[in-house]
Amino acid sequence: MLHVSGTRLLTSDGTPVRLRGVGLGGWLNMENFITGYPGDESSMRLAVREVLGEERAALFFERLLGSFFTADDAALLAGLGMNCVRIPVNYRHFESDDRPFEVVEDGFRHLDRVIDLLGAHGVYSVIDLHALPGSQNQHWHSDNPTHVAAFWRHRHFQDRVVHLWEAIADHYRDHPWVAGYNPVNEPGDPSGKVVGPFYDRLVKALRAADPRHVLFLDGNTYATDFTVFREMYENTVFVCHDYALAGFAHGGPYPGYTRGEWCDRDALERTFERRSRFQRETGTPLWVGEFGPVYTGDPDVDGQRYQILRDQLEIYDAYGAGWSLWTYKDVGLQGLVCARGPYLERFGAFIAKKRRLGVDRWGSTMEETAAELAPLHRLLEEEAPGWDPYPWGARYQTDDLIRHILLAQALLPEYAELFRGLGDDELLALADSFLLERCARREPLLDLLSASLAAEGAR
């Protein structure tokens with residue numbers, strides 16, 4: 001079992017461990033760009049149930065969870081030299097909104113399975129609560145159908161999360177291949193006044209349930225602001241996220257300018273230094289919980305994106321930082337491996353339509369449907385020039401409300417209708433499109449990661 005000692009993580013016999021691996025996005029917390037649906041997970045599941053019915057929808061989703069990660073996936077990651085997988089989880093696997101505080105024990109079934117598969121290959125797991133009751137941030141990845149992070153407004157939601165983490169910590173308190181708990185992914189507390197006291201309360205409850213496992217705590221404003229921490233906690237890693245500006249879908253050339261900001265290796269290092277300052281000043285371990293560029297299918301552009309990743313990995317190595325690359329498996333935007341077969345044959349045209357309209361926040365260039373949205377942007381600039389909403393300002397907020405929420409929700413029935421008329425065997429074949437043996441491998445990315453991990457291991 002790992003523990004924190006100064007700037008390092010150590011095993012019980014004192015061996016240093018630097019956690020390096022991937023995030024298992026899109027599995028126990030599904031995301032629109034990862035599995036191809038629009039909007040947020042709960043709305044998608046509801047729309048699919050309305051078409052398939054409860055039993056057949058359950059058949060599809062259960063098979064998808066089983067196929068998305070198997071022993072073959074664990075073997076691939078271990079073979080690359082990785083020793084850690086960060087596992088995002090939606091609270092709805094463990095608790096129902098209409099029966100709060102009642103833990104669903106069946107929710108541990110798939111999580112146990114994958115943690116044990118990884119442990120059999122010597123790979124640690126970090127359990128990441130990615131979607132909290134009421135939504136802890138303003139976007140789809142907290143299963144938020146709105147732009148309001150209601151978690152910070154209601155004590156009820158906070159009480160439920162403390163109770164849930166007590167149950168999770170009790171369940172895994174003696175598991176040696178659980179590296180620790182990442183209890184709140186990318187908190188977005190607009191006031192910055194609730195998150196700090198909540199962490200104080202949550203840490204105390206977690207320590208009472210499980211005094212040994214490491215805590216991985218994200219800073220506020222999507223793991224970038226660490227001023228909210230009022231005290232240092234023992235056996236804790238403070239987690240930063242480090243997405244590169246030039247690596248976004250709207251990123252410019254690398255090296256080069258993106259939206260007027262120059263980005264090269266030196267700029268990447270300065271950004272990392274800024275984002276990791278709190279950890280370095282407090283002498284705690286460095287761990288980047290999320291980072292990684294998106295890919296376009298254009299060989300020249302993707303070559304630049306690989307260089308961004310290569311530069312970031314070299315920077316992390318130079319600082320002794322651990323990392324968790326986002327993300328392992330998807331339908332083509334960012335994954336090490338990508339689903340194909342019946343699922344892409346069935347949903348490929350719809351995914352292309354989403355891309356054309358820019359309805360997924362992650363992967364949007366912010367220029368889709370630009371002509372249609374331009375009058376609205378101008379209107380807001382003229383009539384509300386002082387509007388600067390949390391967390392990223394007026395332009396992003398407008399896009400979120402119109403494209404990533406309104407348009408995305410309007411497309412949910414179209415996505416769900418693509419399930420209509422399918423037999424059970426066809427539903428299972430869709431889910432099995434995510435089996436590793438049926439996925440396409442992003443070979444340049446796999447080679448890059450393997451070489452990086454091997455080089456560091458040889459030093």
# chains A, B, ... in the order shown; residues from 1 in each chain; ligands from 1
$ residues_around --residues "stretch 357-365 of chain A" --least-positions-apart "2" --cutoff "10 Å" --atoms "only C-alpha atoms" --output "PyMOL selection string"
chain A and resi 31-34+36-40+139-141+248-251+293-296+333-334+351-355+367-370+396+399-400+402-409+411
$ residues_around --residues "A:Ala394" --least-positions-apart "2" --cutoff "12 Å" --atoms "only C-alpha atoms" --output "PyMOL selection string"
chain A and resi 376-381+384-392+396-401
$ atom_distance --atom1 "atom CA of A:Val123" --atom2 "atom CA of A:Leu453"
14.0 Å
$ closest_residue --among "A:Pro375, A:Pro176, A:Pro285, A:Gly393" --to "A:Gly6" --atoms "only C-alpha atoms"
A:Pro285
$ closest_atom_pairs --of "stretch 252-351 of chain A" --to "stretch 432-436 of chain A" --cutoff "9 Å" --atoms "only C-alpha atoms" --output "JSON lines"
{"residue": "A:Lys329", "atom": "CA", "partner": "A:Phe434", "partner_atom": "CA", "distance": 8.2}
{"residue": "A:Asp330", "atom": "CA", "partner": "A:Phe434", "partner_atom": "CA", "distance": 8.3}
{"residue": "A:Val331", "atom": "CA", "partner": "A:Phe434", "partner_atom": "CA", "distance": 8.8}
{"residue": "A:Val337", "atom": "CA", "partner": "A:Leu436", "partner_atom": "CA", "distance": 7.6}
{"residue": "A:Cys338", "atom": "CA", "partner": "A:Phe434", "partner_atom": "CA", "distance": 7.6}
{"residue": "A:Ala339", "atom": "CA", "partner": "A:Phe434", "partner_atom": "CA", "distance": 4.9}
{"residue": "A:Arg340", "atom": "CA", "partner": "A:Ser433", "partner_atom": "CA", "distance": 5.8}
{"residue": "A:Gly341", "atom": "CA", "partner": "A:Ser433", "partner_atom": "CA", "distance": 5.6}
{"residue": "A:Pro342", "atom": "CA", "partner": "A:Ser433", "partner_atom": "CA", "distance": 6.2}
{"residue": "A:Tyr343", "atom": "CA", "partner": "A:Ser433", "partner_atom": "CA", "distance": 5.8}
{"residue": "A:Leu344", "atom": "CA", "partner": "A:Ser433", "partner_atom": "CA", "distance": 8.0}
$ closest_residue --among "A:Tyr233, A:Phe60, A:Phe108, A:Phe68" --to "A:His171" --atoms "only C-alpha atoms"
A:Phe108
